[in-house]
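Structure first, then comments.
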Amino acid sequence: MTAQLIDGVALSKQVRADVARRAAASTARGVKPGLAVVLVGDNPASAVYVRNKVKACEEVGFHSVLEKYEATMTEAELLARVDALNKDPAIHGILVQLPLPKHIDDHKVIEAISPAKDVDGFHVSSAGALMVGEAGFKACTPYGCMKMLEAIGMADLRGKHAVVIGRSNIVGKPMALMLLAANATVTICHSGTADLRAMTRQADVVVAAVGKRNVLTADMVKPGAVVIDVGMNRNDEGKLCGDVDFDGVKEVAGWITPVPGGVGPMTITMLLVNTMESAERA
Ligand code: NAP
């Protein structure tokens with residue numbers, strides 16, 4: 001079998017076109033959606049992510065603000081900036097790019113963001129809302145994965161078994177809760193899982209969010225399964241690759257996301273969706 005590709009670039013284009021229409025309508029009503037992106041320090045990967053996010057905002061007609069600060073910025077100074085953005089009516093979403101320099105407490109900064117503007121979905125209130133099934137901003141990466149499942153007609157996963165590999169607060173755990181909300185039976189695996197292959201072999205949907213190459217190989221996948229690769233790693237040639245052995249797994253899976261061009265663009269797209277929703281609530 002050769003798996004069908006879930007094209008994150010093409011799906012992003014569709015979703016972003018819809019966001020652009022909503023942004024134009026909102027702007028015409030006097031509310032231009034606004035996203036503030038805050039970058040502290042000079043992490044080169046963060047600088048690329050932030051640039052891509054600001055560019056995506058411009059393309060859909062949002063107002064975007066990029067605030068760049070030296071790595072020497074103090075925690076108190078950053079908290080003061082977050083407070084000012086919380087109060088700024090032109091800003092509907094605030095994203096503080098992680099990781100922050102070591103002398104700043106990530107958690108404290110994220111918790112300082114107003115839950116009404118927490119478009120990354122990392123605030124404890126957002127995580128809690130997801131947990132209890134209330135309205136709140138969903139973490140962008142798992143939200144993007146759910147959109148990909150929806151795009152292939154798998155919005156409702158009743159009767160399906162989903163296996164998530166990874167249990168981070170920003171990907172694995174919210175992913176598992178979103179799959180559960182879509183009626184899947186969910187298993188969460190991690191570094192303490194005794195027999196990962198035995199778990200993934202049973203799965204109708206596998207989401208790999210580990211950060212290690214070849215965590216999922218063809219022998220670990222049930223024929224016809226949907227495989228979503230969140231991982232972002234570098235191969236021996238320095239090229240971007242995921243957690244999944246793409247060439248092997250695509251011969252077994254029914255659907256597969258590529259890296260690059262899969263979950264990555266969807267993450268930014270869902271940031272736009274969350275910001276749009278925030279502006280519509282304003
Ligand atoms: P993380 O916080 O490092 O979590 C990795 C998880 O993988 C942990 O739960 C860990 O288990 C588990 N793990 C490690 N080795 C394992 C193994 N051999 N078998 C099973 N599980 C194992 O990483 P993250 O922030 O969730 O990110 C995961 C990956 O996704 C990274 O490559 C990251 O760059 C990528 N990512 C991509 C996007 C995107 O937009 N495409 C967004 C976010 C993250 P323990 O909990 O037991 O340590």
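FYI, nothing fancy with the structure tokens labels: chains A, B, ... in order, residues from 1 per chain, ligands from 1 as they appear.
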
- Item | Non-local contacts of Val124 (chain A) (9 Å; only C-alpha atoms; under 2 positions in same chain excluded) as an MDAnalysis selection string | chainID A and resid 110:111 115 121:122 126:129

Could you write those residues out with all heavy atoms, as a PDB file, in the first residue's frame?
ATOM      1  N   ILE A 110       3.875  32.873  30.896  1.00  0.00           N
ATOM      2  CA  ILE A 110       2.676  32.363  30.200  1.00  0.00           C
ATOM      3  C   ILE A 110       1.426  32.626  31.052  1.00  0.00           C
ATOM      4  O   ILE A 110       0.380  33.025  30.544  1.00  0.00           O
ATOM      5  CB  ILE A 110       2.824  30.837  29.899  1.00  0.00           C
ATOM      6  CG1 ILE A 110       4.007  30.583  28.945  1.00  0.00           C
ATOM      7  CG2 ILE A 110       1.530  30.244  29.339  1.00  0.00           C
ATOM      8  CD1 ILE A 110       3.976  31.278  27.619  1.00  0.00           C
ATOM      9  N   GLU A 111       1.570  32.416  32.365  1.00  0.00           N
ATOM     10  CA  GLU A 111       0.414  32.637  33.250  1.00  0.00           C
ATOM     11  C   GLU A 111       0.034  34.116  33.358  1.00  0.00           C
ATOM     12  O   GLU A 111      -1.077  34.449  33.780  1.00  0.00           O
ATOM     13  CB  GLU A 111       0.691  32.057  34.649  1.00  0.00           C
ATOM     14  CG  GLU A 111       0.766  30.544  34.673  1.00  0.00           C
ATOM     15  CD  GLU A 111      -0.394  29.872  33.958  1.00  0.00           C
ATOM     16  OE1 GLU A 111      -1.533  30.030  34.383  1.00  0.00           O
ATOM     17  OE2 GLU A 111      -0.153  29.201  32.930  1.00  0.00           O
ATOM     18  N   PRO A 115      -5.960  34.989  29.735  1.00  0.00           N
ATOM     19  CA  PRO A 115      -6.509  33.813  29.029  1.00  0.00           C
ATOM     20  C   PRO A 115      -7.318  34.211  27.793  1.00  0.00           C
ATOM     21  O   PRO A 115      -7.371  33.461  26.816  1.00  0.00           O
ATOM     22  CB  PRO A 115      -7.399  33.149  30.082  1.00  0.00           C
ATOM     23  CG  PRO A 115      -6.833  33.597  31.387  1.00  0.00           C
ATOM     24  CD  PRO A 115      -6.295  34.981  31.169  1.00  0.00           C
ATOM     25  N   GLY A 121      -2.557  28.848  23.520  1.00  0.00           N
ATOM     26  CA  GLY A 121      -3.279  27.821  24.282  1.00  0.00           C
ATOM     27  C   GLY A 121      -2.452  27.162  25.369  1.00  0.00           C
ATOM     28  O   GLY A 121      -2.763  26.043  25.795  1.00  0.00           O
ATOM     29  N   PHE A 122      -1.402  27.859  25.857  1.00  0.00           N
ATOM     30  CA  PHE A 122      -0.515  27.250  26.864  1.00  0.00           C
ATOM     31  C   PHE A 122      -0.878  27.616  28.304  1.00  0.00           C
ATOM     32  O   PHE A 122      -0.342  27.049  29.242  1.00  0.00           O
ATOM     33  CB  PHE A 122       0.949  27.685  26.628  1.00  0.00           C
ATOM     34  CG  PHE A 122       1.558  27.180  25.346  1.00  0.00           C
ATOM     35  CD1 PHE A 122       2.770  27.700  24.895  1.00  0.00           C
ATOM     36  CD2 PHE A 122       0.954  26.176  24.594  1.00  0.00           C
ATOM     37  CE1 PHE A 122       3.350  27.244  23.718  1.00  0.00           C
ATOM     38  CE2 PHE A 122       1.524  25.713  23.418  1.00  0.00           C
ATOM     39  CZ  PHE A 122       2.730  26.250  22.980  1.00  0.00           C
ATOM     40  N   SER A 126      -6.429  27.719  29.685  1.00  0.00           N
ATOM     41  CA  SER A 126      -6.735  27.121  28.376  1.00  0.00           C
ATOM     42  C   SER A 126      -6.649  25.602  28.472  1.00  0.00           C
ATOM     43  O   SER A 126      -7.505  24.881  27.938  1.00  0.00           O
ATOM     44  CB  SER A 126      -5.751  27.629  27.312  1.00  0.00           C
ATOM     45  OG  SER A 126      -5.732  29.032  27.283  1.00  0.00           O
ATOM     46  N   ALA A 127      -5.600  25.122  29.157  1.00  0.00           N
ATOM     47  CA  ALA A 127      -5.439  23.671  29.330  1.00  0.00           C
ATOM     48  C   ALA A 127      -6.605  23.105  30.141  1.00  0.00           C
ATOM     49  O   ALA A 127      -7.142  22.036  29.823  1.00  0.00           O
ATOM     50  CB  ALA A 127      -4.110  23.378  30.029  1.00  0.00           C
ATOM     51  N   GLY A 128      -7.031  23.861  31.158  1.00  0.00           N
ATOM     52  CA  GLY A 128      -8.151  23.427  32.006  1.00  0.00           C
ATOM     53  C   GLY A 128      -9.454  23.391  31.225  1.00  0.00           C
ATOM     54  O   GLY A 128     -10.261  22.472  31.381  1.00  0.00           O
ATOM     55  N   ALA A 129      -9.643  24.395  30.367  1.00  0.00           N
ATOM     56  CA  ALA A 129     -10.864  24.446  29.556  1.00  0.00           C
ATOM     57  C   ALA A 129     -10.931  23.220  28.649  1.00  0.00           C
ATOM     58  O   ALA A 129     -11.988  22.607  28.491  1.00  0.00           O
ATOM     59  CB  ALA A 129     -10.888  25.735  28.732  1.00  0.00           C
TER      60      ALA A 129
END

- Task: Using only C-alpha atoms, determine which residues lie at most 7 Å from Thr275 (chain A), disregarding the query and same-chain residues fewer than 3 positions distant; provide the list as a PyMOL selection string.
- Result: chain A and resi 33+35+92-93+119+271-272+278-279

- Can you tell me, as a VMD selection string, what residues are no more than 7 Å from Arg197 (chain A) when counting only C-alpha atoms, ignoring any on the same chain fewer than 3 positions away? chain A and resid 200 to 201 220

Chain A residues near ligand 1 within 10 Å, closest pair each, using only C-alpha atoms and all ligand atoms, as CSV:
residue,atom,partner,partner_atom_place_in_ligand_line,distance
A:Tyr49,CA,ligand 1,40 (O),9.4
A:Ala139,CA,ligand 1,42 (C),9.6
A:Cys140,CA,ligand 1,40 (O),7.9
A:Thr141,CA,ligand 1,42 (C),5.4
A:Pro142,CA,ligand 1,42 (C),8.4
A:Gly144,CA,ligand 1,40 (O),8.6
A:Cys145,CA,ligand 1,41 (N),9.5
A:Val164,CA,ligand 1,21 (N),9.0
A:Ile165,CA,ligand 1,21 (N),5.4
A:Gly166,CA,ligand 1,9 (O),3.6
A:Arg167,CA,ligand 1,9 (O),3.7
A:Ser168,CA,ligand 1,26 (O),4.4
A:Asn169,CA,ligand 1,26 (O),7.0
A:Ile170,CA,ligand 1,26 (O),6.1
A:Val171,CA,ligand 1,26 (O),4.8
A:Gly172,CA,ligand 1,26 (O),5.8
A:Lys173,CA,ligand 1,26 (O),8.7
A:Met175,CA,ligand 1,26 (O),10.0
A:Ile188,CA,ligand 1,9 (O),9.0
A:Cys189,CA,ligand 1,20 (C),5.8
A:His190,CA,ligand 1,21 (N),3.4
A:Ser191,CA,ligand 1,47 (O),3.8
A:Gly192,CA,ligand 1,47 (O),5.4
A:Thr193,CA,ligand 1,20 (C),6.5
A:Ala194,CA,ligand 1,19 (N),9.0
A:Asp195,CA,ligand 1,19 (N),9.1
A:Leu196,CA,ligand 1,20 (C),6.8
A:Arg197,CA,ligand 1,19 (N),9.7
A:Ala208,CA,ligand 1,29 (C),7.7
A:Ala209,CA,ligand 1,28 (C),4.1
A:Val210,CA,ligand 1,7 (O),3.5
A:Gly211,CA,ligand 1,32 (O),3.0
A:Lys212,CA,ligand 1,32 (O),6.5
A:Arg213,CA,ligand 1,32 (O),8.6
A:Asn214,CA,ligand 1,18 (N),9.5
A:Val215,CA,ligand 1,18 (N),6.4
A:Leu216,CA,ligand 1,19 (N),9.0
A:Asp229,CA,ligand 1,41 (N),7.8
A:Val230,CA,ligand 1,41 (N),4.8
A:Gly231,CA,ligand 1,32 (O),3.6
A:Met232,CA,ligand 1,32 (O),3.9
A:Asn233,CA,ligand 1,32 (O),5.7
A:Arg234,CA,ligand 1,32 (O),9.4
A:Cys241,CA,ligand 1,32 (O),9.0
A:Gly242,CA,ligand 1,32 (O),7.0
A:Asp243,CA,ligand 1,32 (O),7.1
A:Val259,CA,ligand 1,41 (N),8.2
A:Pro260,CA,ligand 1,41 (N),8.4
A:Gly261,CA,ligand 1,41 (N),9.2
A:Gly262,CA,ligand 1,41 (N),7.5
A:Val263,CA,ligand 1,41 (N),4.8
A:Gly264,CA,ligand 1,41 (N),3.7
A:Pro265,CA,ligand 1,40 (O),6.9
A:Met266,CA,ligand 1,40 (O),7.2
A:Thr267,CA,ligand 1,40 (O),4.9
A:Ile268,CA,ligand 1,40 (O),7.3
A:Thr269,CA,ligand 1,40 (O),10.0

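What separates CA of Ala184 (chain A) from CA of Leu149 (chain A) is a distance of 11.9 Å.
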
- Task: Determine the nearest neighbour of Val207 (chain A) from the options A:Val60, A:Met154, A:Ala45, A:Val227, counting only C-alpha atoms.
- Result: A:Val227

Surrounding residues of Val82 (chain A) excluding itself and chain neighbours under 3 positions, 12 Å, only C-alpha atoms, as a CSV table (one decimal) with C-alpha atoms, in the first residue's frame:
chain,number,residue,atom,x,y,z
A,36,ALA,CA,1.7,40.5,19.3
A,37,VAL,CA,4.7,38.3,19.1
A,38,VAL,CA,7.4,38.7,21.7
A,39,LEU,CA,10.9,37.4,21.2
A,67,GLU,CA,8.6,43.0,19.9
A,75,GLU,CA,11.6,38.9,34.0
A,76,ALA,CA,10.0,42.0,35.6
A,77,GLU,CA,10.4,43.9,32.3
A,78,LEU,CA,8.9,41.1,30.3
A,79,LEU,CA,6.0,40.8,32.7
A,85,LEU,CA,-0.3,44.0,25.7
A,86,ASN,CA,-3.1,42.5,27.9
A,87,LYS,CA,-4.5,46.0,28.1
A,88,ASP,CA,-4.0,47.0,24.5
A,91,ILE,CA,-4.1,43.2,20.3
A,93,GLY,CA,-3.6,37.5,20.7
A,94,ILE,CA,-0.2,37.4,22.6
A,95,LEU,CA,2.5,34.9,21.8
A,96,VAL,CA,5.7,34.8,23.8
A,108,LYS,CA,5.2,32.7,35.2
A,109,VAL,CA,5.3,34.6,31.9
A,110,ILE,CA,2.7,32.4,30.2
A,111,GLU,CA,0.4,32.6,33.2
A,112,ALA,CA,0.7,36.4,33.0
A,113,ILE,CA,-1.0,36.4,29.6
A,114,SER,CA,-4.7,37.1,29.8
A,115,PRO,CA,-6.5,33.8,29.0
A,117,LYS,CA,-5.5,36.6,24.5
A,118,ASP,CA,-3.8,33.2,25.1

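Proximity of A:Val205, A:Ala71, A:Ile256, A:Val65 to Leu5 (chain A), computed with only C-alpha atoms, is greatest for A:Ile256.
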
- Write out as an MDAnalysis selection string all residues of region 75-159 of chain A that backbone DSSP assigns to alpha helix (DSSP H). chainID A and resid 75:87 106:112 124:132 140:151

Write the residues you've just listed into a file as a compact mmCIF listing (two decimals), in the first residue's frame, and include N, CA and C atoms for each of them.
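Below you can see part.txt, which holds the result:
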# COMPACT_ATOMS: atom_id res chain seq x y z
N GLU A 75 12.96 39.49 33.95
CA GLU A 75 11.63 38.88 34.03
C GLU A 75 10.57 39.96 34.31
N ALA A 76 10.92 40.90 35.21
CA ALA A 76 9.97 41.96 35.56
C ALA A 76 9.65 42.82 34.34
N GLU A 77 10.66 43.10 33.53
CA GLU A 77 10.43 43.91 32.32
C GLU A 77 9.50 43.17 31.34
N LEU A 78 9.74 41.87 31.21
CA LEU A 78 8.91 41.09 30.29
C LEU A 78 7.46 41.02 30.81
N LEU A 79 7.32 40.82 32.11
CA LEU A 79 5.96 40.76 32.70
C LEU A 79 5.24 42.10 32.49
N ALA A 80 5.99 43.18 32.55
CA ALA A 80 5.39 44.51 32.34
C ALA A 80 4.92 44.66 30.89
N ARG A 81 5.69 44.12 29.96
CA ARG A 81 5.28 44.17 28.54
C ARG A 81 4.01 43.33 28.32
N VAL A 82 3.97 42.17 28.92
CA VAL A 82 2.80 41.29 28.77
C VAL A 82 1.57 42.01 29.34
N ASP A 83 1.76 42.67 30.47
CA ASP A 83 0.65 43.39 31.10
C ASP A 83 0.14 44.49 30.16
N ALA A 84 1.07 45.21 29.54
CA ALA A 84 0.68 46.30 28.62
C ALA A 84 -0.09 45.72 27.42
N LEU A 85 0.38 44.60 26.90
CA LEU A 85 -0.30 43.97 25.75
C LEU A 85 -1.67 43.44 26.15
N ASN A 86 -1.78 42.93 27.38
CA ASN A 86 -3.09 42.48 27.89
C ASN A 86 -4.11 43.61 27.83
N LYS A 87 -3.62 44.84 28.06
CA LYS A 87 -4.53 45.99 28.14
C LYS A 87 -4.72 46.69 26.80
N ASP A 106 9.47 30.64 32.36
CA ASP A 106 8.50 30.49 31.26
C ASP A 106 7.07 30.46 31.80
N HIS A 107 6.90 29.63 32.83
CA HIS A 107 5.56 29.39 33.37
C HIS A 107 4.92 30.68 33.88
N LYS A 108 5.73 31.46 34.62
CA LYS A 108 5.25 32.73 35.19
C LYS A 108 4.80 33.68 34.07
N VAL A 109 5.57 33.70 32.99
CA VAL A 109 5.26 34.61 31.88
C VAL A 109 3.98 34.16 31.16
N ILE A 110 3.88 32.87 30.90
CA ILE A 110 2.68 32.36 30.20
C ILE A 110 1.43 32.63 31.05
N GLU A 111 1.57 32.42 32.36
CA GLU A 111 0.41 32.64 33.25
C GLU A 111 0.03 34.12 33.36
N ALA A 112 0.97 35.00 32.97
CA ALA A 112 0.68 36.45 33.03
C ALA A 112 -0.15 36.89 31.83
N VAL A 124 -2.69 27.85 31.86
CA VAL A 124 -3.37 26.81 32.64
C VAL A 124 -4.89 26.88 32.43
N SER A 125 -5.43 28.07 32.27
CA SER A 125 -6.88 28.22 32.02
C SER A 125 -7.27 27.56 30.70
N SER A 126 -6.43 27.72 29.69
CA SER A 126 -6.73 27.12 28.38
C SER A 126 -6.65 25.60 28.47
N ALA A 127 -5.60 25.12 29.16
CA ALA A 127 -5.44 23.67 29.33
C ALA A 127 -6.61 23.11 30.14
N GLY A 128 -7.03 23.86 31.16
CA GLY A 128 -8.15 23.43 32.01
C GLY A 128 -9.45 23.39 31.22
N ALA A 129 -9.64 24.39 30.37
CA ALA A 129 -10.86 24.45 29.56
C ALA A 129 -10.93 23.22 28.65
N LEU A 130 -9.79 22.86 28.08
CA LEU A 130 -9.75 21.67 27.21
C LEU A 130 -10.08 20.42 28.03
N MET A 131 -9.54 20.37 29.22
CA MET A 131 -9.74 19.22 30.12
C MET A 131 -11.23 19.00 30.44
N VAL A 132 -11.92 20.10 30.72
CA VAL A 132 -13.32 19.96 31.15
C VAL A 132 -14.31 20.19 30.02
N CYS A 140 -1.98 25.10 19.50
CA CYS A 140 -2.03 25.15 18.03
C CYS A 140 -1.59 23.86 17.33
N THR A 141 -0.54 23.21 17.83
CA THR A 141 -0.04 22.02 17.13
C THR A 141 -1.06 20.87 17.16
N PRO A 142 -1.55 20.46 18.34
CA PRO A 142 -2.56 19.40 18.31
C PRO A 142 -3.85 19.83 17.61
N TYR A 143 -4.20 21.10 17.72
CA TYR A 143 -5.41 21.61 17.04
C TYR A 143 -5.22 21.44 15.52
N GLY A 144 -4.02 21.72 15.03
CA GLY A 144 -3.72 21.53 13.60
C GLY A 144 -3.83 20.07 13.20
N CYS A 145 -3.36 19.18 14.08
CA CYS A 145 -3.46 17.74 13.80
C CYS A 145 -4.93 17.32 13.70
N MET A 146 -5.77 17.87 14.57
CA MET A 146 -7.20 17.54 14.53
C MET A 146 -7.83 18.03 13.23
N LYS A 147 -7.40 19.21 12.78
CA LYS A 147 -7.91 19.75 11.50
C LYS A 147 -7.53 18.83 10.34
N MET A 148 -6.33 18.25 10.43
CA MET A 148 -5.88 17.33 9.38
C MET A 148 -6.74 16.08 9.37
N LEU A 149 -7.09 15.59 10.55
CA LEU A 149 -7.97 14.41 10.63
C LEU A 149 -9.35 14.75 10.06
N GLU A 150 -9.83 15.94 10.42
CA GLU A 150 -11.14 16.40 9.91
C GLU A 150 -11.10 16.44 8.37
N ALA A 151 -9.98 16.90 7.82
CA ALA A 151 -9.86 17.07 6.36
C ALA A 151 -9.94 15.73 5.61

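Proximity to Asp219 (chain A) was assessed for A:Ala25, A:Val206, A:Val249, A:Met199 counting only C-alpha atoms; the smallest distance is recorded for A:Val249.
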
- Task: Write out as a PyMOL selection string each polymer residue whose atoms come within 9 Å of Val31 (chain A), counting only C-alpha atoms; drop sequence neighbours fewer than 5 positions from it.
- Result: chain A and resi 23+25-26+90+279-280+282

Please write the residues from the selection above to a file, keeping N, CA, C and O atoms, as a short mmCIF file (atom, residue, chain, number, x, y, z; two decimals), in the first residue's frame.
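Result went into selection_39.cif, see below:
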data_model
loop_
_atom_site.label_atom_id
_atom_site.label_comp_id
_atom_site.auth_asym_id
_atom_site.auth_seq_id
_atom_site.Cartn_x
_atom_site.Cartn_y
_atom_site.Cartn_z
N ALA A 23 -11.20 38.01 8.54
CA ALA A 23 -10.42 39.19 8.99
C ALA A 23 -10.91 40.44 8.27
O ALA A 23 -11.06 41.51 8.88
N ALA A 25 -13.91 40.93 7.03
CA ALA A 25 -15.24 41.27 7.54
C ALA A 25 -15.13 41.94 8.91
O ALA A 25 -15.80 42.94 9.20
N SER A 26 -14.25 41.41 9.75
CA SER A 26 -14.07 41.98 11.10
C SER A 26 -13.47 43.39 11.01
O SER A 26 -13.91 44.30 11.72
N ALA A 90 -5.95 46.92 20.65
CA ALA A 90 -5.64 46.55 19.25
C ALA A 90 -5.04 45.14 19.16
O ALA A 90 -4.85 44.61 18.06
N ALA A 279 -10.49 37.92 18.12
CA ALA A 279 -10.96 39.22 17.60
C ALA A 279 -12.48 39.20 17.45
O ALA A 279 -13.15 40.21 17.72
N GLU A 280 -13.02 38.07 17.04
CA GLU A 280 -14.48 37.98 16.85
C GLU A 280 -15.23 38.04 18.18
O GLU A 280 -16.39 38.44 18.23
N ALA A 282 -14.18 39.97 20.58
CA ALA A 282 -13.92 41.30 21.16
C ALA A 282 -15.11 42.23 20.98
O ALA A 282 -15.86 42.10 20.03
#

Near Trp255 (chain A), counting only C-alpha atoms, which residues have an atom at most 6 Å away, once you skip same-chain residues fewer than 4 positions from it, shown as a compact mmCIF listing (two decimals) with N, CA, C and O atoms, in the first residue's frame?
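What follows is the written file selection.txt:
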# COMPACT_ATOMS: atom_id res chain seq x y z
N ALA A 3 0.57 5.09 1.08
CA ALA A 3 -0.34 5.98 1.83
C ALA A 3 -0.66 7.24 1.04
O ALA A 3 0.16 7.71 0.25
N GLN A 4 -1.84 7.78 1.31
CA GLN A 4 -2.17 9.10 0.76
C GLN A 4 -1.56 10.16 1.68
O GLN A 4 -1.51 9.98 2.89
N LEU A 5 -1.16 11.24 1.05
CA LEU A 5 -0.50 12.31 1.79
C LEU A 5 -1.54 13.27 2.38
O LEU A 5 -2.47 13.67 1.68
N VAL A 226 -3.71 5.91 10.10
CA VAL A 226 -3.37 7.31 9.83
C VAL A 226 -2.16 7.66 10.69
O VAL A 226 -2.18 7.44 11.91
